[in-house]
Amino acid sequence: MAEAGLLGADGIKRCSWGNSAPDYAEYHDTEWGFPLHGDEELYERLCLESFQSGLSWITILRKRESFRKAFEKFKPKKVAAFTDDDVERLMQDASIVRNRAKILAAITNARAIEELDGSLDDLLWSFAPSSHTRPRRMADVPAITDESKAMAKELKKRGFVFLGPTTCYALMQATGMVDDHVKDCFRAGS
């Protein structure tokens, strides 16, 4: 039996959350679960997942362009150079999530990227599981995995902050390290 909410108003079967708002449908259909590479691209997703913690993802999606502007298009080298004045500027920017701990984490994590002996891309993708079972329904999608626990532990060891196993698993889903599109979703296995 198909999971309730899979069929969107547009007649497309997608993961149920992808049908809850047009912004979600666009993100689901064109980004979520697609393999993503590049240090800047992955740093952006890492930051956005951290900013999302405790909030709905749609809030972050709707502020994404403002985040890009505020954080220098997520260029780690530029964000790593942010000063206390930049933190105060960001705390006054109503177009982003104004949470001091999350802003400081974005800066700390940019500095940690600059200290890596290799690429962020290689580091993060090293935790992608060699095999993954497609969930039959959304209730089968885990919040954390052994790989996300290992990723969070390694990132913390390397000076990253505000990235626990749940945030790391969300990052893995968003960037295609795992494909959690449910079995009946049109994106499953594509």
# chains A, B, ... in the order shown; residues from 1 in each chain; ligands from 1
>>> select_by_dssp(residues="region 83-154 of chain A", states="alpha helix (DSSP H)", output="PyMOL selection string")
chain A and resi 84-91+100-115+120-125+146-154
>>> write_last_selection(atoms="N, CA, C and O atoms", output="compact mmCIF listing (two decimals), in the first residue's frame")
# COMPACT_ATOMS: atom_id res chain seq x y z
N ASP A 84 34.53 40.06 14.90
CA ASP A 84 33.43 40.35 15.82
C ASP A 84 32.45 41.34 15.19
O ASP A 84 31.23 41.26 15.44
N ASP A 85 32.95 42.27 14.41
CA ASP A 85 32.08 43.23 13.73
C ASP A 85 31.14 42.51 12.75
O ASP A 85 29.97 42.88 12.62
N ASP A 86 31.66 41.50 12.06
CA ASP A 86 30.82 40.72 11.16
C ASP A 86 29.75 39.96 11.93
O ASP A 86 28.59 39.89 11.49
N VAL A 87 30.11 39.43 13.08
CA VAL A 87 29.12 38.73 13.90
C VAL A 87 28.00 39.69 14.29
O VAL A 87 26.81 39.36 14.18
N GLU A 88 28.37 40.89 14.71
CA GLU A 88 27.35 41.87 15.10
C GLU A 88 26.50 42.28 13.90
O GLU A 88 25.28 42.45 14.02
N ARG A 89 27.12 42.42 12.74
CA ARG A 89 26.37 42.74 11.52
C ARG A 89 25.35 41.63 11.24
O ARG A 89 24.19 41.91 10.94
N LEU A 90 25.78 40.39 11.35
CA LEU A 90 24.88 39.26 11.09
C LEU A 90 23.77 39.18 12.13
O LEU A 90 22.64 38.82 11.80
N MET A 91 24.07 39.52 13.36
CA MET A 91 23.05 39.52 14.42
C MET A 91 21.97 40.57 14.17
O MET A 91 20.86 40.46 14.69
N ARG A 100 23.27 33.65 17.61
CA ARG A 100 24.71 33.88 17.78
C ARG A 100 25.50 32.57 17.74
O ARG A 100 26.54 32.49 17.09
N ALA A 101 25.02 31.54 18.41
CA ALA A 101 25.75 30.27 18.44
C ALA A 101 25.88 29.68 17.04
O ALA A 101 26.93 29.14 16.68
N LYS A 102 24.84 29.79 16.23
CA LYS A 102 24.87 29.24 14.87
C LYS A 102 25.76 30.09 13.96
O LYS A 102 26.48 29.55 13.11
N ILE A 103 25.73 31.39 14.14
CA ILE A 103 26.61 32.28 13.36
C ILE A 103 28.07 32.00 13.69
O ILE A 103 28.91 31.84 12.80
N LEU A 104 28.36 31.89 14.98
CA LEU A 104 29.74 31.59 15.40
C LEU A 104 30.17 30.21 14.90
O LEU A 104 31.33 30.02 14.52
N ALA A 105 29.23 29.27 14.87
CA ALA A 105 29.55 27.93 14.35
C ALA A 105 29.92 28.00 12.87
O ALA A 105 30.87 27.34 12.43
N ALA A 106 29.20 28.79 12.10
CA ALA A 106 29.51 28.91 10.66
C ALA A 106 30.94 29.46 10.48
O ALA A 106 31.68 28.99 9.60
N ILE A 107 31.33 30.41 11.31
CA ILE A 107 32.67 30.98 11.23
C ILE A 107 33.71 29.97 11.70
O ILE A 107 34.74 29.76 11.04
N THR A 108 33.45 29.34 12.83
CA THR A 108 34.37 28.32 13.36
C THR A 108 34.56 27.20 12.35
O THR A 108 35.69 26.73 12.12
N ASN A 109 33.48 26.77 11.72
CA ASN A 109 33.57 25.67 10.76
C ASN A 109 34.32 26.09 9.49
O ASN A 109 35.04 25.28 8.91
N ALA A 110 34.17 27.33 9.09
CA ALA A 110 34.96 27.82 7.94
C ALA A 110 36.44 27.79 8.28
O ALA A 110 37.27 27.40 7.46
N ARG A 111 36.78 28.16 9.50
CA ARG A 111 38.18 28.13 9.93
C ARG A 111 38.68 26.69 10.00
O ARG A 111 39.84 26.42 9.64
N ALA A 112 37.82 25.77 10.43
CA ALA A 112 38.21 24.35 10.48
C ALA A 112 38.46 23.82 9.07
O ALA A 112 39.39 23.03 8.86
N ILE A 113 37.66 24.26 8.11
CA ILE A 113 37.87 23.85 6.71
C ILE A 113 39.23 24.32 6.22
O ILE A 113 39.96 23.59 5.56
N GLU A 114 39.58 25.56 6.57
CA GLU A 114 40.86 26.11 6.15
C GLU A 114 42.04 25.33 6.74
O GLU A 114 43.14 25.35 6.19
N GLU A 115 41.82 24.64 7.85
CA GLU A 115 42.89 23.88 8.51
C GLU A 115 42.97 22.43 8.03
O GLU A 115 43.90 21.71 8.40
N LEU A 120 37.23 19.40 2.02
CA LEU A 120 36.01 19.11 2.77
C LEU A 120 35.21 18.04 2.03
O LEU A 120 34.65 17.14 2.64
N ASP A 121 35.18 18.14 0.71
CA ASP A 121 34.47 17.18 -0.12
C ASP A 121 34.95 15.76 0.17
O ASP A 121 34.14 14.86 0.47
N ASP A 122 36.25 15.54 0.11
CA ASP A 122 36.80 14.20 0.36
C ASP A 122 36.48 13.73 1.78
O ASP A 122 36.13 12.56 1.99
N LEU A 123 36.61 14.63 2.74
CA LEU A 123 36.34 14.26 4.13
C LEU A 123 34.89 13.83 4.31
O LEU A 123 34.61 12.74 4.83
N LEU A 124 33.95 14.66 3.87
CA LEU A 124 32.54 14.34 4.09
C LEU A 124 32.12 13.09 3.33
O LEU A 124 31.45 12.21 3.87
N TRP A 125 32.52 12.99 2.07
CA TRP A 125 32.12 11.84 1.26
C TRP A 125 32.77 10.54 1.72
O TRP A 125 32.28 9.45 1.39
N ASP A 146 25.14 4.88 11.86
CA ASP A 146 26.53 4.72 12.31
C ASP A 146 27.45 5.67 11.55
O ASP A 146 28.38 6.25 12.12
N GLU A 147 27.19 5.85 10.25
CA GLU A 147 28.02 6.75 9.44
C GLU A 147 27.88 8.20 9.89
O GLU A 147 28.87 8.93 9.94
N SER A 148 26.66 8.62 10.22
CA SER A 148 26.49 10.01 10.66
C SER A 148 27.11 10.24 12.03
O SER A 148 27.63 11.31 12.31
N LYS A 149 27.09 9.21 12.88
CA LYS A 149 27.77 9.31 14.18
C LYS A 149 29.28 9.44 13.96
O LYS A 149 29.93 10.26 14.62
N ALA A 150 29.81 8.63 13.06
CA ALA A 150 31.25 8.69 12.77
C ALA A 150 31.64 10.03 12.16
O ALA A 150 32.68 10.59 12.50
N MET A 151 30.79 10.54 11.25
CA MET A 151 31.07 11.85 10.64
C MET A 151 31.10 12.93 11.70
O MET A 151 32.03 13.76 11.75
N ALA A 152 30.10 12.97 12.57
CA ALA A 152 30.03 13.99 13.61
C ALA A 152 31.25 13.92 14.53
O ALA A 152 31.83 14.95 14.88
N LYS A 153 31.64 12.70 14.89
CA LYS A 153 32.80 12.53 15.76
C LYS A 153 34.08 13.04 15.10
O LYS A 153 34.88 13.73 15.72
N GLU A 154 34.25 12.71 13.83
CA GLU A 154 35.46 13.15 13.11
C GLU A 154 35.47 14.67 12.92
O GLU A 154 36.52 15.32 13.06
>>> atom_distance(atom1="CA of Trp57 (chain A)", atom2="CA of Ala174 (chain A)")
11.2 Å
>>> residues_around(residues="region 32-36 of chain A", least_positions_apart="3", cutoff="10 Å", atoms="only C-alpha atoms", output="VMD selection string")
chain A and resid 18 24 to 29 39 41 to 42 45 121 125 170 to 181 187 to 190
>>> atom_distance(atom1="CA of Asp93 (chain A)", atom2="CA of Glu31 (chain A)")
26.5 Å
>>> residues_around(residues="Trp17 (chain A)", least_positions_apart="2", cutoff="12 Å", atoms="only C-alpha atoms", output="count of residues only")
30
